[in-house]
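Shown here: run20.csv, CSV, C-alpha atoms.
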chain,number,residue,atom,x,y,z
A,1,MET,CA,81.1,112.8,157.6
A,2,GLU,CA,84.3,110.6,157.4
A,3,GLU,CA,84.8,107.9,154.8
A,4,GLY,CA,85.2,104.4,156.1
A,5,PRO,CA,88.0,102.1,154.9
A,6,THR,CA,85.6,100.2,152.5
A,7,GLN,CA,84.4,103.4,150.9
A,8,LEU,CA,88.0,104.7,150.6
A,9,VAL,CA,89.1,101.5,148.8
A,10,ALA,CA,86.0,101.6,146.5
A,11,SER,CA,86.7,105.2,145.6
A,12,LYS,CA,90.4,104.4,144.9
A,13,ASN,CA,89.4,101.5,142.7
A,14,ALA,CA,87.0,103.7,140.8
A,15,GLU,CA,89.7,106.3,140.3
A,16,SER,CA,92.2,103.7,139.1
A,17,GLY,CA,89.5,102.3,136.7
A,18,ALA,CA,88.8,105.7,135.3
A,19,SER,CA,92.5,106.4,134.7
A,20,GLU,CA,93.0,103.0,133.1
A,21,THR,CA,90.2,103.7,130.7
A,22,PHE,CA,91.6,107.2,130.0
A,23,TYR,CA,95.1,105.9,129.2
A,24,ALA,CA,93.7,102.9,127.2
A,25,GLY,CA,92.2,105.4,124.7
A,26,ALA,CA,95.6,107.1,124.1
A,27,VAL,CA,96.3,105.3,120.8
A,28,ASP,CA,92.9,106.2,119.4
A,29,ARG,CA,93.3,109.8,120.6
A,30,ILE,CA,96.7,109.9,118.9
A,31,ARG,CA,95.1,108.8,115.6
A,32,ARG,CA,92.5,111.5,115.9
A,33,PHE,CA,95.2,114.1,116.7
A,34,MET,CA,97.1,112.9,113.6
A,35,ILE,CA,94.0,113.4,111.4
A,36,ALA,CA,93.3,116.9,112.8
A,37,LEU,CA,97.0,117.9,112.6
A,38,SER,CA,97.3,116.8,109.0
A,39,LEU,CA,94.2,118.7,108.0
A,40,VAL,CA,95.3,121.9,109.7
A,41,SER,CA,99.0,121.6,108.5
A,42,VAL,CA,98.1,120.7,104.9
A,43,ALA,CA,95.8,123.8,104.7
A,44,THR,CA,98.5,126.0,106.3
A,45,VAL,CA,101.2,124.7,103.9
A,46,ALA,CA,98.9,125.2,100.9
A,47,TRP,CA,98.1,128.8,102.1
A,48,ARG,CA,101.6,129.8,103.0
A,49,LEU,CA,103.7,127.9,100.4
A,50,ASP,CA,102.4,126.3,97.2
A,51,LEU,CA,100.3,123.4,96.2
A,52,ARG,CA,103.2,121.2,95.3
A,53,HIS,CA,104.6,121.4,98.8
A,54,ALA,CA,101.1,120.8,100.2
A,55,LEU,CA,100.6,117.7,98.1
A,56,GLY,CA,104.0,116.3,99.2
A,57,PHE,CA,103.0,117.1,102.8
A,58,ALA,CA,99.6,115.4,102.4
A,59,LEU,CA,101.3,112.3,101.0
A,60,GLY,CA,103.8,112.3,103.9
A,61,CYS,CA,100.9,112.6,106.3
A,62,ALA,CA,99.0,109.7,104.7
A,63,ILE,CA,102.1,107.5,104.8
A,64,ALA,CA,102.8,108.4,108.4
A,65,TYR,CA,99.2,107.6,109.3
A,66,LEU,CA,99.3,104.2,107.5
A,67,ASN,CA,102.7,103.6,109.0
A,68,PHE,CA,101.4,104.2,112.5
A,69,HIS,CA,98.3,102.0,111.8
A,70,TRP,CA,100.4,99.1,110.6
A,71,LEU,CA,102.8,99.6,113.6
A,72,LYS,CA,99.8,99.3,116.0
A,73,ARG,CA,98.6,96.2,114.1
A,74,GLY,CA,102.0,94.7,114.2
A,75,VAL,CA,102.4,95.3,117.9
A,76,SER,CA,98.9,93.9,118.6
A,77,GLY,CA,99.7,90.8,116.6
A,78,LEU,CA,102.9,90.4,118.5
A,79,ALA,CA,101.0,90.8,121.8
A,80,ASP,CA,98.3,88.3,120.7
A,81,ARG,CA,101.0,85.8,119.9
A,82,ILE,CA,102.8,86.2,123.2
A,83,THR,CA,99.7,86.2,125.4
A,84,LYS,CA,98.0,83.5,123.2
A,85,ALA,CA,94.9,85.7,123.0
A,86,GLY,CA,92.7,86.5,120.0
A,87,LYS,CA,93.1,85.0,116.5
A,88,PRO,CA,96.5,83.3,116.2
A,89,GLN,CA,98.7,85.0,113.5
A,90,SER,CA,101.8,83.7,111.8
A,91,GLY,CA,105.1,85.1,113.0
A,92,ALA,CA,106.3,85.5,109.5
A,93,GLY,CA,103.2,87.5,108.6
A,94,ILE,CA,103.8,89.9,111.5
A,95,VAL,CA,107.4,90.4,110.5
A,96,VAL,CA,106.6,90.9,106.8
A,97,ARG,CA,103.9,93.5,107.6
A,98,PHE,CA,106.3,95.2,110.0
A,99,LEU,CA,109.0,95.4,107.3
A,100,LEU,CA,106.6,96.3,104.5
A,101,ARG,CA,106.1,99.7,106.1
A,102,TYR,CA,109.7,100.7,105.3
A,103,VAL,CA,109.3,99.5,101.7
A,104,LEU,CA,106.2,101.6,101.3
A,105,MET,CA,107.9,104.7,102.7
A,106,ALA,CA,111.0,104.2,100.5
A,107,LEU,CA,108.8,103.7,97.4
A,108,ALA,CA,106.8,106.8,98.1
A,109,ALA,CA,110.0,108.9,98.7
A,110,TYR,CA,111.5,107.5,95.4
A,111,VAL,CA,108.4,108.3,93.4
A,112,ILE,CA,108.2,111.8,94.8
A,113,LEU,CA,112.0,112.3,94.2
A,114,THR,CA,111.6,111.3,90.5
A,115,VAL,CA,108.3,113.0,89.8
A,116,SER,CA,108.6,116.2,91.8
A,117,PRO,CA,111.8,116.8,93.8
A,118,ALA,CA,110.4,120.1,95.2
A,119,SER,CA,107.7,118.3,97.2
A,120,LEU,CA,110.2,116.0,98.9
A,121,ASN,CA,110.6,118.5,101.7
A,122,GLY,CA,106.9,118.4,102.3
A,123,LEU,CA,107.0,114.6,102.3
A,124,PHE,CA,109.7,114.5,104.9
A,125,ALA,CA,107.8,117.1,107.0
A,126,GLY,CA,104.6,115.0,106.8
A,127,LEU,CA,106.5,111.9,108.0
A,128,PHE,CA,106.9,113.6,111.4
A,129,LEU,CA,103.1,113.7,111.9
A,130,PRO,CA,103.1,110.9,114.6
A,131,VAL,CA,105.7,112.9,116.7
A,132,GLY,CA,103.4,116.0,116.6
A,133,ALA,CA,100.4,113.8,117.5
A,134,ILE,CA,102.3,112.2,120.4
A,135,ALA,CA,103.3,115.6,121.6
A,136,CYS,CA,99.6,116.7,121.5
A,137,GLU,CA,98.6,113.6,123.4
A,138,ALA,CA,101.3,114.3,126.0
A,139,ALA,CA,100.1,117.8,126.5
A,140,TYR,CA,96.5,116.6,126.8
A,141,GLU,CA,97.5,113.9,129.3
A,142,ALA,CA,99.3,116.5,131.3
A,143,TYR,CA,96.2,118.8,131.2
A,144,ALA,CA,94.0,115.9,132.3
A,145,ALA,CA,96.3,114.9,135.1
A,146,LEU,CA,96.8,118.5,136.4
A,147,ILE,CA,93.3,120.0,135.8
A,148,ARG,CA,90.9,117.2,135.7
A,149,ARG,CA,92.9,114.9,138.1
A,150,VAL,CA,92.4,111.8,136.0
G,1,MET,CA,146.5,83.3,109.6
G,2,ARG,CA,149.0,86.0,110.5
G,3,LYS,CA,150.1,86.2,106.9
G,4,LEU,CA,146.5,86.6,105.8
G,5,SER,CA,145.9,89.4,108.3
G,6,TYR,CA,149.1,91.2,107.0
G,7,LEU,CA,147.8,90.8,103.4
G,8,PHE,CA,144.4,92.4,104.4
G,9,LEU,CA,146.2,95.2,106.2
G,10,ILE,CA,148.3,96.0,103.1
G,11,LEU,CA,145.2,95.8,100.8
G,12,SER,CA,143.2,98.1,103.1
G,13,ALA,CA,146.2,100.5,103.1
G,14,PHE,CA,146.1,100.5,99.3
G,15,CYS,CA,142.4,101.1,99.3
G,16,PHE,CA,142.9,104.3,101.4
G,17,ALA,CA,145.9,105.2,99.1
G,18,VAL,CA,143.8,105.1,95.9
G,19,PRO,CA,143.1,108.8,95.9
G,20,ALA,CA,146.8,109.4,96.0
G,21,PHE,CA,147.1,107.9,92.6
G,22,ALA,CA,144.3,110.1,91.2
G,23,GLN,CA,145.1,113.0,88.9
G,24,GLY,CA,144.9,116.5,90.4
G,25,GLY,CA,142.0,118.9,89.9
G,26,GLU,CA,138.3,118.6,90.7
G,27,ALA,CA,138.1,114.9,90.0
G,28,GLY,CA,140.5,114.1,92.9
G,29,VAL,CA,138.5,116.0,95.5
G,30,THR,CA,136.9,113.7,98.1
G,31,ASN,CA,133.2,114.3,98.8
G,32,TRP,CA,133.4,114.2,102.6
G,33,VAL,CA,129.8,115.3,103.0
G,34,ALA,CA,128.6,112.2,101.1
G,35,ILE,CA,130.9,109.9,103.0
G,36,THR,CA,129.9,111.3,106.4
G,37,ALA,CA,126.2,111.2,105.4
G,38,GLY,CA,126.5,107.5,104.6
G,39,PHE,CA,128.3,106.8,107.9
G,40,SER,CA,125.8,108.9,109.9
G,41,MET,CA,122.8,107.2,108.4
G,42,ALA,CA,124.4,103.8,109.1
G,43,ILE,CA,125.2,104.7,112.7
G,44,ALA,CA,121.6,106.1,113.2
G,45,SER,CA,120.0,103.1,111.7
G,46,ALA,CA,122.1,100.7,113.8
G,47,GLY,CA,121.3,102.7,116.9
G,48,CYS,CA,117.6,102.8,116.2
G,49,GLY,CA,117.6,99.1,115.3
G,50,ILE,CA,119.3,98.2,118.6
G,51,ALA,CA,116.8,100.4,120.5
G,52,GLN,CA,113.8,98.9,118.8
G,53,ALA,CA,115.1,95.4,119.4
G,54,LYS,CA,115.7,96.1,123.1
G,55,ALA,CA,112.3,97.8,123.5
G,56,THR,CA,110.5,94.9,121.7
G,57,ALA,CA,112.4,92.3,123.7
G,58,ALA,CA,111.6,94.0,127.0
G,59,ALA,CA,107.9,94.3,126.1
G,60,ALA,CA,107.7,90.7,125.0
G,61,GLU,CA,109.3,89.6,128.2
G,62,GLY,CA,107.0,91.8,130.3
G,63,LEU,CA,103.9,90.5,128.4
G,64,ALA,CA,105.0,86.9,128.9
G,65,ARG,CA,105.5,87.4,132.6
G,66,ASN,CA,102.4,89.5,133.2
G,67,PRO,CA,99.7,89.2,130.4
G,68,ALA,CA,97.3,91.3,132.5
G,69,ALA,CA,99.6,94.4,132.0
G,70,ARG,CA,99.1,94.2,128.2
G,71,PRO,CA,97.3,97.5,127.6
G,72,GLY,CA,100.0,99.6,129.3
G,73,ILE,CA,102.9,97.6,127.8
G,74,GLN,CA,101.4,97.7,124.3
G,75,LEU,CA,100.8,101.5,124.5
G,76,ALA,CA,104.4,102.1,125.7
G,77,LEU,CA,105.8,99.9,123.0
G,78,ILE,CA,103.8,101.6,120.2
G,79,LEU,CA,104.8,105.0,121.3
G,80,GLY,CA,108.4,103.9,121.9
G,81,LEU,CA,108.8,102.4,118.4
G,82,ALA,CA,107.2,105.4,116.7
G,83,LEU,CA,109.5,107.8,118.5
G,84,ILE,CA,112.6,105.6,117.8
G,85,GLU,CA,111.7,105.5,114.1
G,86,SER,CA,111.4,109.2,114.1
G,87,LEU,CA,115.0,109.5,115.3
G,88,ALA,CA,116.2,107.7,112.1
G,89,LEU,CA,114.0,110.0,110.1
G,90,TYR,CA,115.6,113.1,111.7
G,91,THR,CA,118.9,111.8,110.6
G,92,LEU,CA,117.6,111.2,107.0
G,93,VAL,CA,116.2,114.7,106.8
G,94,ILE,CA,119.4,116.3,108.1
G,95,ILE,CA,121.4,114.2,105.5
G,96,PHE,CA,119.1,115.3,102.7
G,97,ALA,CA,119.4,118.9,103.8
G,98,LYS,CA,123.2,118.7,103.9
G,99,VAL,CA,123.8,116.6,100.7
G,100,LYS,CA,121.3,118.4,98.5

Before we go any further, please render this structure as structure tokens.
Amino acid sequence: MEEGPTQLVASKNAESGASETFYAGAVDRIRRFMIALSLVSVATVAWRLDLRHALGFALGCAIAYLNFHWLKRGVSGLADRITKAGKPQSGAGIVVRFLLRYVLMALAAYVILTVSPASLNGLFAGLFLPVGAIACEAAYEAYAALIRRV
Amino acid sequence: MRKLSYLFLILSAFCFAVPAFAQGGEAGVTNWVAITAGFSMAIASAGCGIAQAKATAAAAEGLARNPAARPGIQLALILGLALIESLALYTLVIIFAKVK
């Protein structure tokens, strides 16, 4: 039985709604990927190397996660301000929060460097957690597009 | 004005000539790794800053023109900023690996 033009438009709308919902959840998926990757990587580093490197790596992962969370909050605040939606936030507050991330990262790197220079490599490796999570998300989206046709 | 520019030119030449007055031996050896590390971090930071500024400006413009497209623009901006930041981090890691 052939589909009529109305049914075709309805099915296309449903498909586009499903894909919009799928892509809207990308940031939450990336955060989940970050948690999963950090758990697996910290365990691997502790097993293959030593506890000092694993602690540095865990600290790097925590900073990267916090950094990504604050980045998301900063961008949401900026978007709220531009579209005049949600609770109005001060522009200075958004900028200060955005810049505070770098201060936190520099502080953590300095503390690690003074306390235990050996774990600095782990810290730097942990800071790349968002890149790994985004790569996982890209692979998942490619899988969803090719296999599940989302 | 021209005299002032000549003065600055001569002073800058003296700045570069300072190692020439140094005594010989290890103390006079220029640490090129540290100098290039500083320059490379500065260039990387400047590039990433410009890229983040352009991305944010474009996203703000897009949001102001079409607020309905907010989810897509916001996602692209978050991912873009995170990846641009990681480029500066790559440079920092390479510098640490080379300077250490």

- Task: Dump as a PyMOL selection string the residues of chain A that approach chain G to within 10 Å, counting all atoms listed in the file.
- Result: chain A and resi 20-21+23-27+30+64+67-68+71-76+78-85+120-121+124-125+127-131+134

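From CA of Arg52 in chain A back to CA of Ser119 in chain A, the distance works out to 5.7 Å.
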
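With distances taken over all atoms listed in the file, A:Phe57 is the one residue among A:Tyr140, A:Phe57, A:Phe22, A:Trp47 lying closest to Gly122 in chain A.
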
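Between CA of Thr114 in chain A and CA of Gly60 in chain A the interatomic distance comes to 15.5 Å.
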
### Task
In Å, rounded to a single decimal, give me how far CA of Met41 in chain G is from CA of Lys98 in chain G.
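One can read the CA of Lys98 in chain G to CA of Met41 in chain G distance as 12.4 Å.
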
- So which one's closest to Phe39 in chain G, G:Thr91, G:Gln52, G:Lys100, G:Ala57? Using only C-alpha atoms, please.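 Among G:Thr91, G:Gln52, G:Lys100, G:Ala57, it is G:Thr91 that comes nearest to Phe39 in chain G.
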
So that I can check the surroundings of Val42 in chain A, please list as a list in words every protein, DNA and RNA residue that reaches within 12 Å of it, counting all atoms listed in the file and ignoring chain neighbours fewer than 3 positions away. Met34, Ile35, Ala36, Leu37, Ser38, Leu39, Val45, Ala46, Trp47, Arg48, Leu49, Asp50, Leu51, Arg52, His53, Ala54, Leu55, Gly56, Phe57, Ala58, Leu59, Gly60, Cys61, Ala62, Gly122, Leu123, Ala125, Gly126 and Leu129 of chain A

Exercise. Do a neighbour search on Val95 in chain A at 10 Å with all atoms listed in the file, toss out local chain neighbours closer than 3 positions, and write the hits as a PyMOL selection string.
Key: chain A and resi 74+77-78+90-92+98-100

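Within the 9 Å cut-off around Val33 in chain G, using all atoms listed in the file and omitting residues fewer than 3 positions from it on the same chain, the listed residues are Thr30, Thr36, Ala37, Gly38, Ile95, Lys98 and Val99 of chain G.
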